[in-house]
>>> print(open('target_37.txt').read())   # compact mmCIF, C-alpha atoms
# COMPACT_ATOMS: atom_id res chain seq x y z
CA MET A 30 25.02 -83.15 37.70
CA GLN A 31 24.21 -86.67 38.88
CA ILE A 32 27.04 -89.05 39.79
CA PRO A 33 26.59 -92.77 40.58
CA PRO A 34 28.19 -94.26 43.71
CA GLN A 35 30.77 -97.02 43.80
CA ALA A 36 29.17 -100.42 43.27
CA ALA A 37 29.80 -101.44 46.89
CA LEU A 38 27.84 -98.39 48.12
CA GLN A 39 24.76 -98.85 45.95
CA GLY A 40 22.82 -100.44 48.80
CA LEU A 41 23.38 -97.21 50.77
CA VAL A 42 23.48 -94.45 48.13
CA LYS A 43 21.27 -93.92 45.08
CA HIS A 44 23.41 -91.17 43.58
CA TYR A 45 25.16 -87.89 44.28
CA LEU A 46 23.78 -84.57 43.07
CA VAL A 47 26.21 -81.72 42.48
CA LEU A 48 24.10 -78.55 42.45
CA SER A 49 25.55 -75.22 41.40
CA ARG A 50 23.80 -72.07 40.21
CA LYS A 51 24.92 -68.45 40.19
CA ALA A 52 22.59 -65.52 40.69
CA ASP A 53 23.03 -61.79 41.23
CA LYS A 54 20.42 -61.65 43.99
CA GLN A 55 18.68 -63.86 46.51
CA GLN A 56 17.09 -66.82 44.76
CA TYR A 57 14.28 -68.97 46.12
CA TYR A 58 13.96 -72.70 45.48
CA ARG A 59 11.20 -75.22 46.08
CA MET A 60 12.13 -78.67 47.38
CA PHE A 61 9.71 -81.57 47.76
CA SER A 62 9.85 -85.29 48.39
CA ASP A 63 11.42 -87.79 46.01
CA GLY A 64 10.94 -90.67 48.47
CA ASN A 65 14.55 -90.64 49.69
CA PRO A 66 16.42 -89.24 52.69
CA GLY A 67 19.84 -87.72 52.16
CA LEU A 68 22.96 -85.93 53.31
CA VAL A 69 23.74 -82.35 52.30
CA PHE A 70 27.14 -80.66 52.20
CA HIS A 71 27.26 -76.92 51.54
CA LEU A 72 30.39 -75.99 49.63
CA LYS A 73 29.84 -72.25 50.11
CA ASP A 74 27.19 -70.29 51.98
CA GLN A 75 24.48 -72.19 53.81
CA LEU A 76 20.89 -71.75 52.73
CA LEU A 77 17.87 -70.32 54.49
CA GLN A 78 14.94 -72.71 54.78
CA TRP A 79 11.22 -72.13 55.30
CA LYS A 80 8.93 -75.03 56.10
CA GLU A 81 5.37 -74.86 54.86
CA GLY A 82 3.55 -72.18 56.86
CA ASP A 83 6.69 -70.76 58.53
CA LEU A 84 7.31 -67.01 58.45
CA ILE A 85 10.83 -67.03 59.85
CA PRO A 86 13.51 -69.09 58.06
CA GLU A 87 16.22 -71.20 59.65
CA LEU A 88 19.84 -71.32 58.53
CA GLN A 89 20.71 -74.80 57.37
CA PRO A 90 23.74 -76.47 59.02
CA ARG A 91 27.01 -76.72 57.11
CA SER A 92 26.29 -80.42 56.64
CA PHE A 93 23.23 -82.37 57.69
CA VAL A 94 21.10 -85.44 57.23
CA TYR A 95 17.43 -85.11 56.35
CA GLY A 96 14.59 -87.60 56.47
CA GLN A 97 11.46 -88.25 54.44
CA LEU A 98 9.51 -85.14 53.51
CA SER A 99 5.75 -85.05 53.89
CA ARG A 100 5.50 -81.41 52.83
CA TYR A 101 7.35 -79.11 50.51
CA ASN A 102 9.97 -76.63 51.71
CA THR A 103 11.17 -73.29 50.37
CA ILE A 104 14.89 -72.52 50.57
CA ALA A 105 16.88 -69.45 49.57
CA ALA A 106 20.46 -68.77 48.50
CA SER A 107 21.87 -65.28 48.97
CA ALA A 108 23.55 -65.42 45.57
CA GLU A 109 25.32 -68.62 44.59
CA LEU A 110 24.01 -72.13 45.20
CA ASN A 111 26.81 -74.68 45.61
CA MET A 112 26.15 -77.98 47.35
CA ILE A 113 26.43 -81.76 47.15
CA VAL A 114 23.46 -83.94 48.04
CA VAL A 115 24.02 -87.60 48.83
CA VAL A 116 20.67 -89.13 47.88
CA LEU A 117 20.32 -92.18 50.10
CA GLN A 118 18.30 -95.32 49.57
CA PRO A 119 14.89 -94.99 51.30
CA HIS A 120 15.88 -97.41 54.07
CA SER A 121 19.46 -96.20 54.66
CA LEU A 122 18.78 -94.12 57.79
CA PHE A 123 17.70 -97.29 59.58
CA THR A 124 19.93 -99.92 57.99
CA HIS A 125 23.19 -97.94 57.79
CA PHE A 126 22.87 -95.04 60.25
CA HIS A 127 20.84 -96.98 62.85
CA ILE A 128 18.27 -94.21 63.15
CA PRO A 129 14.56 -95.12 63.25
CA ALA A 130 13.53 -93.32 60.07
CA TYR A 131 10.38 -91.79 61.57
CA GLU A 132 12.54 -89.75 63.96
CA LEU A 133 13.85 -87.65 61.04
CA LYS A 134 10.60 -87.27 59.12
CA ASP A 135 10.41 -83.61 58.03
CA CYS A 136 13.56 -82.92 60.05
CA THR A 137 17.19 -82.02 59.44
CA LEU A 138 19.93 -83.05 61.84
CA PRO A 139 23.44 -81.54 61.76
CA LEU A 140 25.99 -84.19 60.91
CA VAL A 141 28.09 -83.07 63.88
CA ASP A 142 25.24 -84.04 66.20
CA LEU A 143 25.53 -87.60 64.91
CA PHE A 144 29.26 -88.01 64.44
CA GLY A 145 30.96 -85.23 66.43
CA GLN A 146 34.58 -84.64 65.53
CA GLU A 147 34.44 -87.08 62.63
CA ALA A 148 31.80 -84.86 61.02
CA ARG A 149 33.81 -81.68 61.70
CA ASP A 150 36.85 -83.23 60.04
CA LEU A 151 34.70 -84.34 57.11
CA GLU A 152 33.25 -80.84 56.66
CA GLU A 153 36.75 -79.33 56.60
CA GLN A 154 37.99 -81.87 54.05
CA VAL A 155 34.95 -81.29 51.82
CA LEU A 156 35.36 -77.51 51.96
CA THR A 157 39.06 -77.63 51.07
CA ALA A 158 38.86 -80.28 48.34
CA LEU A 159 40.12 -79.01 44.98
CA SER A 160 37.72 -80.91 42.72
CA ILE A 161 34.31 -82.56 42.74
CA GLU A 162 35.96 -85.93 42.15
CA THR A 163 38.08 -85.48 45.27
CA THR A 164 35.06 -84.31 47.26
CA ILE A 165 33.03 -87.39 46.29
CA SER A 166 35.98 -89.62 47.18
CA ILE A 167 36.22 -87.99 50.63
CA ILE A 168 32.49 -88.46 51.23
CA GLU A 169 32.66 -92.08 50.09
CA LYS A 170 35.43 -92.84 52.58
CA PHE A 171 33.07 -91.60 55.28
CA LEU A 172 30.19 -93.66 53.88
CA TRP A 173 32.30 -96.83 53.72
CA LYS A 174 32.32 -96.84 57.53
CA ARG A 175 28.52 -97.02 57.51
CA LEU A 176 28.79 -100.47 55.91
CA ILE A 177 30.24 -101.85 59.14
CA GLY A 178 27.56 -103.37 61.36
CA LEU A 179 24.70 -102.43 59.04
CA SER A 180 21.24 -103.77 59.81
CA GLY A 181 19.70 -106.02 57.20
CA LEU A 182 16.65 -104.98 55.21
CA SER A 183 13.76 -107.30 56.01
CA ALA A 184 12.51 -109.48 53.17
CA GLU A 185 8.99 -108.07 53.59
CA ILE A 186 10.10 -104.46 53.27
CA ALA A 187 12.37 -105.29 50.33
CA MET A 188 9.52 -107.07 48.52
CA ALA A 189 7.04 -104.28 49.28
CA MET A 190 9.44 -101.63 47.97
CA ASP A 191 10.25 -103.65 44.85
CA THR A 192 6.53 -104.01 44.17
CA ILE A 193 5.94 -100.28 44.59
CA TYR A 194 8.82 -99.41 42.24
CA GLN A 195 7.80 -102.01 39.64
CA ARG A 196 4.25 -100.63 39.59
CA GLN A 197 5.58 -97.02 39.65
CA GLY A 198 3.52 -96.38 42.76
CA ILE A 199 0.25 -97.07 40.93
CA LEU A 200 -1.20 -99.68 43.28
CA THR A 201 -3.14 -100.15 46.51
CA ILE A 202 -2.15 -101.47 49.92
CA VAL A 203 -4.06 -104.65 49.06
CA ASP A 204 -1.80 -105.09 46.03
CA ILE A 205 1.27 -104.84 48.29
CA LEU A 206 -0.13 -107.23 50.92
CA GLU A 207 -0.68 -109.86 48.22
CA LYS A 208 3.11 -109.92 47.79
CA VAL A 209 4.24 -109.99 51.44
CA SER A 210 3.46 -112.31 54.34
CA VAL A 211 2.64 -109.66 56.95
CA THR A 212 -0.50 -107.93 58.15
CA GLU A 213 -1.31 -104.36 57.15
CA ARG A 214 -0.52 -103.24 60.69
CA GLN A 215 2.89 -104.92 60.60
CA LEU A 216 3.60 -103.40 57.19
CA GLU A 217 2.72 -99.93 58.48
CA ARG A 218 4.96 -100.36 61.52
CA ASN A 219 7.90 -101.67 59.50
CA PHE A 220 7.64 -98.88 56.93
CA ARG A 221 7.57 -96.30 59.69
CA GLU A 222 10.78 -97.69 61.17
CA TYR A 223 12.68 -98.44 57.97
CA ILE A 224 11.39 -95.74 55.62
CA GLY A 225 9.91 -93.08 57.90
CA THR A 226 6.49 -92.93 56.29
CA SER A 227 3.51 -95.16 55.54
CA PRO A 228 3.53 -97.56 52.56
CA LYS A 229 0.65 -95.59 51.02
CA ARG A 230 2.48 -92.29 51.34
CA PHE A 231 5.65 -93.84 49.93
CA ALA A 232 3.71 -95.29 46.98
CA ASP A 233 2.04 -91.92 46.37
CA THR A 234 5.47 -90.27 46.28
CA ILE A 235 6.82 -92.81 43.78
CA LYS A 236 3.69 -92.33 41.65
CA PHE A 237 4.23 -88.58 41.74
CA GLN A 238 7.87 -88.99 40.73
CA HIS A 239 6.68 -91.10 37.81
CA LEU A 240 4.44 -88.19 36.75
CA LEU A 241 7.34 -85.74 36.97
CA LYS A 242 9.48 -87.96 34.74
CA LEU A 243 6.65 -88.16 32.20
CA LEU A 244 6.36 -84.37 32.25
CA GLN A 245 10.08 -84.01 31.62
CA LYS A 246 9.95 -86.38 28.66
CA GLN A 247 6.83 -84.86 27.13
CA PRO A 248 7.38 -82.54 24.12
CA GLY A 249 7.00 -78.87 24.94
CA GLN A 250 3.61 -78.53 23.26
CA GLY A 251 2.22 -81.71 24.80
CA LYS A 252 -0.85 -81.39 27.00
CA ILE A 253 -0.62 -82.44 30.65
CA ALA A 254 -4.07 -84.03 30.33
CA GLU A 255 -2.50 -86.66 28.06
CA LEU A 256 -0.53 -88.01 31.03
CA ILE A 257 -3.39 -88.36 33.52
CA TYR A 258 -4.09 -92.07 33.21
CA ALA A 259 -0.50 -93.09 32.42
CA SER A 260 0.53 -91.57 35.76
CA GLY A 261 -2.25 -93.17 37.79
CA TYR A 262 -4.60 -90.22 38.35
CA TYR A 263 -8.36 -90.24 37.86
CA ASP A 264 -8.81 -86.92 36.12
CA GLN A 265 -7.27 -83.45 35.69
CA ALA A 266 -8.65 -82.20 39.02
CA HIS A 267 -7.14 -85.18 40.87
CA LEU A 268 -3.76 -84.57 39.26
CA ASN A 269 -3.86 -80.81 39.89
CA ASN A 270 -4.87 -81.19 43.54
CA ASN A 271 -2.15 -83.76 44.21
CA PHE A 272 0.46 -81.62 42.45
CA LYS A 273 -0.47 -78.58 44.52
CA LYS A 274 -0.35 -80.64 47.72
CA MET A 275 3.07 -82.11 46.94
CA THR A 276 4.80 -78.99 45.61
CA GLY A 277 2.67 -75.90 46.23
CA LEU A 278 2.88 -75.34 42.47
CA THR A 279 0.78 -76.14 39.41
CA PRO A 280 1.73 -78.83 36.87
CA GLY A 281 1.97 -76.15 34.19
CA TYR A 282 4.44 -74.06 36.21
CA TYR A 283 6.63 -77.11 36.77
CA LYS A 284 6.50 -78.22 33.14
CA GLU A 285 7.42 -74.77 31.83
CA SER A 286 10.41 -74.39 34.14
CA ALA A 287 13.65 -74.68 32.19
CA GLN A 288 15.85 -74.47 35.26
CA LEU A 289 15.24 -77.67 37.22
CA LEU A 290 18.23 -78.44 39.43
CA ALA A 291 16.84 -81.89 40.28
CA ILE A 292 13.53 -83.58 39.71
CA ASN A 293 12.41 -82.35 43.15
CA LEU A 294 14.31 -79.03 43.34
CA MET A 295 13.62 -75.96 41.23
CA PRO A 296 13.90 -72.16 41.38
CA VAL A 297 10.68 -70.28 42.05
CA SER A 298 9.85 -66.61 41.80
>>> encode(input="target_37.txt", output="structure tokens")
Amino acid sequence: MQIPPQAALQGLVKHYLVLSRKADKQQYYRMFSDGNPGLVFHLKDQLLQWKEGDLIPELQPRSFVYGQLSRYNTIAASAELNMIVVVLQPHSLFTHFHIPAYELKDCTLPLVDLFGQEARDLEEQVLTALSIETTISIIEKFLWKRLIGLSGLSAEIAMAMDTIYQRQGILTIVDILEKVSVTERQLERNFREYIGTSPKRFADTIKFQHLLKLLQKQPGQGKIAELIYASGYYDQAHLNNNFKKMTGLTPGYYKESAQLLAINLMPVS
């Protein structure tokens, strides 16, 4: 379930995801980048997480903030998945949490490490809330404090991001530089600080998200090859290779899954 934030928080939060799924045994999930950082609150058991190439999983914190993902992750729930994800705007770690975004790239940081007792109190309130509406209200009270003393988003970064979104990520760095009055080196440095990744990588992620949305809208019998050019890929091999790199899965496997929890989170066998 996706819930929009209050209007005053839209510069900080894209939306809230309420994720719940029951299972009678351990279930594995695949998570990959959607171009946004976020906050996670576990309402029941915490999840185990494997990063690409890891053999030993780590137990996720009760609540945590995560940065941009450059690789997919595998997570596992012992039985029931029950969590709330606050999907942040791409720049929110820097503008609202005053964290250089590159510091959290491919990382998770327990909320208590950032906010101490305030985070412990927040976790307790979230765990004891009697409804999702109350839980979201509690989280939003915490987020309201992040509006105090926020850092402004530079005009160059704002314009570059708008251009990437308008073109659905199907563009080059030259296309972006035509819209902003900075050098490529300055753009790279600013993206690293504000967003946590390069402008090219961010554009590639937005392009990939565009492909996923097209796959979701395509009729069941539709052929993936029909979406190649509309999603900015050269040919089937280019699309397949990028899909495998981003998710570790094939486009067909993703398209046939009827149990997507979010556009970038799905159960895997």
>>> atom_distance(input="target_37.txt", atom1="atom CA of Gln75 of chain A", atom2="atom CA of Ile104 of chain A")
10.1 Å
>>> axis_aligned_box(input="target_37.txt", around="segment 54-60 of chain A", padding_each_side="5 Å", output="lines of an AutoDock Vina configuration file")
center_x = 15.8
center_y = -70.2
center_z = 45.7
size_x = 19.2
size_y = 27.0
size_z = 13.4
>>> closest_atom_pairs(input="target_37.txt", of="segment 171-249 of chain A", to="segment 278-297 of chain A", cutoff="8 Å", atoms="all atoms listed in the file", output="tab-separated table")
residue	atom	partner	partner_atom	distance
A:Gln238	CA	A:Ile292	CA	7.9
A:Leu241	CA	A:Ile292	CA	7.1
A:Lys242	CA	A:Ile292	CA	7.8
A:Leu244	CA	A:Lys284	CA	6.2
A:Gln245	CA	A:Lys284	CA	7.0
>>> write_last_selection(input="target_37.txt", atoms="C-alpha atoms", output="JSON list (two decimals), in the coordinates of the input")
[["chain", "number", "residue", "atom", "x", "y", "z"],
["A", 238, "GLN", "CA", 7.87, -88.99, 40.73],
["A", 241, "LEU", "CA", 7.34, -85.74, 36.97],
["A", 242, "LYS", "CA", 9.48, -87.96, 34.74],
["A", 244, "LEU", "CA", 6.36, -84.37, 32.25],
["A", 245, "GLN", "CA", 10.08, -84.01, 31.62]]
>>> residues_around(input="target_37.txt", residues="segment 50-61 of chain A", least_positions_apart="2", cutoff="8 Å", atoms="all atoms listed in the file", output="PyMOL selection string")
chain A and resi 48+63+98+100-111+275-276+293-298
>>> write_last_selection(input="target_37.txt", atoms="C-alpha atoms", output="PDB file, in the frame of the given file")
ATOM      1  CA  LEU A  48      24.100 -78.550  42.450  1.00  0.00           C
ATOM      2  CA  ASP A  63      11.420 -87.790  46.010  1.00  0.00           C
ATOM      3  CA  LEU A  98       9.510 -85.140  53.510  1.00  0.00           C
ATOM      4  CA  ARG A 100       5.500 -81.410  52.830  1.00  0.00           C
ATOM      5  CA  TYR A 101       7.350 -79.110  50.510  1.00  0.00           C
ATOM      6  CA  ASN A 102       9.970 -76.630  51.710  1.00  0.00           C
ATOM      7  CA  THR A 103      11.170 -73.290  50.370  1.00  0.00           C
ATOM      8  CA  ILE A 104      14.890 -72.520  50.570  1.00  0.00           C
ATOM      9  CA  ALA A 105      16.880 -69.450  49.570  1.00  0.00           C
ATOM     10  CA  ALA A 106      20.460 -68.770  48.500  1.00  0.00           C
ATOM     11  CA  SER A 107      21.870 -65.280  48.970  1.00  0.00           C
ATOM     12  CA  ALA A 108      23.550 -65.420  45.570  1.00  0.00           C
ATOM     13  CA  GLU A 109      25.320 -68.620  44.590  1.00  0.00           C
ATOM     14  CA  LEU A 110      24.010 -72.130  45.200  1.00  0.00           C
ATOM     15  CA  ASN A 111      26.810 -74.680  45.610  1.00  0.00           C
ATOM     16  CA  MET A 275       3.070 -82.110  46.940  1.00  0.00           C
ATOM     17  CA  THR A 276       4.800 -78.990  45.610  1.00  0.00           C
ATOM     18  CA  ASN A 293      12.410 -82.350  43.150  1.00  0.00           C
ATOM     19  CA  LEU A 294      14.310 -79.030  43.340  1.00  0.00           C
ATOM     20  CA  MET A 295      13.620 -75.960  41.230  1.00  0.00           C
ATOM     21  CA  PRO A 296      13.900 -72.160  41.380  1.00  0.00           C
ATOM     22  CA  VAL A 297      10.680 -70.280  42.050  1.00  0.00           C
ATOM     23  CA  SER A 298       9.850 -66.610  41.800  1.00  0.00           C
TER      24      SER A 298
END
>>> closest_residue(input="target_37.txt", among="A:Gln97, A:Gln247, A:Ser166, A:Gln89", to="Arg221 of chain A", atoms="only C-alpha atoms")
A:Gln97
>>> closest_atom_pairs(input="target_37.txt", of="segment 38-80 of chain A", to="segment 126-143 of chain A", cutoff="10 Å", atoms="all atoms listed in the file", output="tab-separated table")
residue	atom	partner	partner_atom	distance
A:Leu41	CA	A:Phe126	CA	9.7
A:Ser62	CA	A:Asp135	CA	9.8
A:Pro66	CA	A:Leu133	CA	8.9
A:Gly67	CA	A:Thr137	CA	9.6
A:Leu68	CA	A:Leu140	CA	8.4
A:Val69	CA	A:Leu140	CA	9.1
A:Phe70	CA	A:Leu140	CA	9.5
A:Lys80	CA	A:Asp135	CA	8.9
>>> atom_distance(input="target_37.txt", atom1="atom CA of Asp233 of chain A", atom2="atom CA of Lys43 of chain A")
19.4 Å
>>> residues_near_point(input="target_37.txt", point="(20.9, -84.4, 38.0)", cutoff="6 Å", atoms="all atoms listed in the file", output="list of chain:residue names")
A:Met30, A:Gln31, A:Leu46, A:Ala291
>>> write_last_selection(input="target_37.txt", atoms="C-alpha atoms", output="short mmCIF file (atom, residue, chain, number, x, y, z; two decimals), in the frame of the given file")
data_model
loop_
_atom_site.label_atom_id
_atom_site.label_comp_id
_atom_site.auth_asym_id
_atom_site.auth_seq_id
_atom_site.Cartn_x
_atom_site.Cartn_y
_atom_site.Cartn_z
CA MET A 30 25.02 -83.15 37.70
CA GLN A 31 24.21 -86.67 38.88
CA LEU A 46 23.78 -84.57 43.07
CA ALA A 291 16.84 -81.89 40.28
#
>>> atom_distance(input="target_37.txt", atom1="atom CA of Val203 of chain A", atom2="atom CA of Asn65 of chain A")
23.3 Å
>>> closest_residue(input="target_37.txt", among="A:Ile235, A:Ile177, A:Tyr223, A:Ile168", to="Tyr194 of chain A", atoms="only C-alpha atoms")
A:Ile235
>>> residues_around(input="target_37.txt", residues="Ile257 of chain A", least_positions_apart="3", cutoff="10 Å", atoms="only C-alpha atoms", output="list of chain:residue names")
A:Leu240, A:Lys252, A:Ile253, A:Ala254, A:Ser260, A:Gly261, A:Tyr262, A:Tyr263, A:Asp264, A:Gln265, A:Ala266, A:His267, A:Leu268, A:Asn269
>>> residues_around(input="target_37.txt", residues="Val47 of chain A", least_positions_apart="2", cutoff="7 Å", atoms="all atoms listed in the file", output="list in words")
Met30, Gln31, Tyr45, Ser49, Met112, Ile113 and Val114 of chain A
>>> closest_atom_pairs(input="target_37.txt", of="segment 79-108 of chain A", to="segment 151-159 of chain A", cutoff="12 Å", atoms="all atoms listed in the file", output="CSV")
residue,atom,partner,partner_atom,distance
A:Pro90,CA,A:Glu152,CA,10.7
A:Arg91,CA,A:Glu152,CA,7.5
A:Ser92,CA,A:Glu152,CA,7.0
A:Phe93,CA,A:Glu152,CA,10.2
>>> residues_around(input="target_37.txt", residues="Glu213 of chain A", least_positions_apart="5", cutoff="9 Å", atoms="only C-alpha atoms", output="ChimeraX atom specification")
/A:202-203,206,218
>>> build_atoms(input="target_37.txt", residues="segment 122-146 of chain A", atoms="N, CA and C atoms", output="compact mmCIF listing (two decimals), in the frame of the given file")
# COMPACT_ATOMS: atom_id res chain seq x y z
N LEU A 122 18.68 -94.70 56.44
CA LEU A 122 18.78 -94.12 57.79
C LEU A 122 18.72 -95.22 58.84
N PHE A 123 17.85 -96.20 58.61
CA PHE A 123 17.70 -97.29 59.58
C PHE A 123 18.78 -98.35 59.42
N THR A 124 19.02 -98.80 58.19
CA THR A 124 19.93 -99.92 57.99
C THR A 124 21.41 -99.55 58.15
N HIS A 125 21.78 -98.33 57.80
CA HIS A 125 23.19 -97.94 57.79
C HIS A 125 23.56 -96.90 58.86
N PHE A 126 22.59 -96.06 59.23
CA PHE A 126 22.87 -95.04 60.25
C PHE A 126 22.22 -95.39 61.59
N HIS A 127 21.46 -96.48 61.62
CA HIS A 127 20.84 -96.98 62.85
C HIS A 127 19.93 -95.95 63.52
N ILE A 128 19.22 -95.20 62.67
CA ILE A 128 18.27 -94.21 63.15
C ILE A 128 16.87 -94.67 62.74
N PRO A 129 15.94 -94.85 63.67
CA PRO A 129 14.56 -95.12 63.25
C PRO A 129 14.10 -93.99 62.32
N ALA A 130 13.73 -94.34 61.10
CA ALA A 130 13.53 -93.32 60.07
C ALA A 130 12.45 -92.31 60.42
N TYR A 131 11.45 -92.72 61.21
CA TYR A 131 10.38 -91.79 61.57
C TYR A 131 10.89 -90.63 62.42
N GLU A 132 12.01 -90.81 63.11
CA GLU A 132 12.54 -89.75 63.96
C GLU A 132 13.02 -88.55 63.14
N LEU A 133 13.36 -88.75 61.87
CA LEU A 133 13.85 -87.65 61.04
C LEU A 133 12.84 -87.23 59.99
N LYS A 134 11.61 -87.69 60.08
CA LYS A 134 10.60 -87.27 59.12
C LYS A 134 10.42 -85.75 59.22
N ASP A 135 10.54 -85.07 58.10
CA ASP A 135 10.41 -83.61 58.03
C ASP A 135 11.41 -82.89 58.92
N CYS A 136 12.55 -83.53 59.16
CA CYS A 136 13.56 -82.92 60.05
C CYS A 136 14.93 -82.93 59.37
N THR A 137 15.77 -82.01 59.80
CA THR A 137 17.19 -82.02 59.44
C THR A 137 17.99 -82.13 60.73
N LEU A 138 19.08 -82.85 60.66
CA LEU A 138 19.93 -83.05 61.84
C LEU A 138 21.38 -82.78 61.44
N PRO A 139 22.04 -81.81 62.09
CA PRO A 139 23.44 -81.54 61.76
C PRO A 139 24.28 -82.80 61.87
N LEU A 140 25.16 -82.99 60.91
CA LEU A 140 25.99 -84.19 60.91
C LEU A 140 26.87 -84.25 62.16
N VAL A 141 27.25 -83.08 62.68
CA VAL A 141 28.09 -83.07 63.88
C VAL A 141 27.34 -83.61 65.10
N ASP A 142 26.01 -83.49 65.09
CA ASP A 142 25.24 -84.04 66.20
C ASP A 142 25.25 -85.56 66.19
N LEU A 143 25.48 -86.14 65.03
CA LEU A 143 25.53 -87.60 64.91
C LEU A 143 26.94 -88.15 65.09
N PHE A 144 27.91 -87.43 64.52
CA PHE A 144 29.26 -88.01 64.44
C PHE A 144 30.36 -87.15 65.06
N GLY A 145 29.99 -86.02 65.68
CA GLY A 145 30.96 -85.23 66.43
C GLY A 145 32.17 -84.82 65.62
N GLN A 146 33.35 -85.09 66.15
CA GLN A 146 34.58 -84.64 65.53
C GLN A 146 34.79 -85.24 64.15
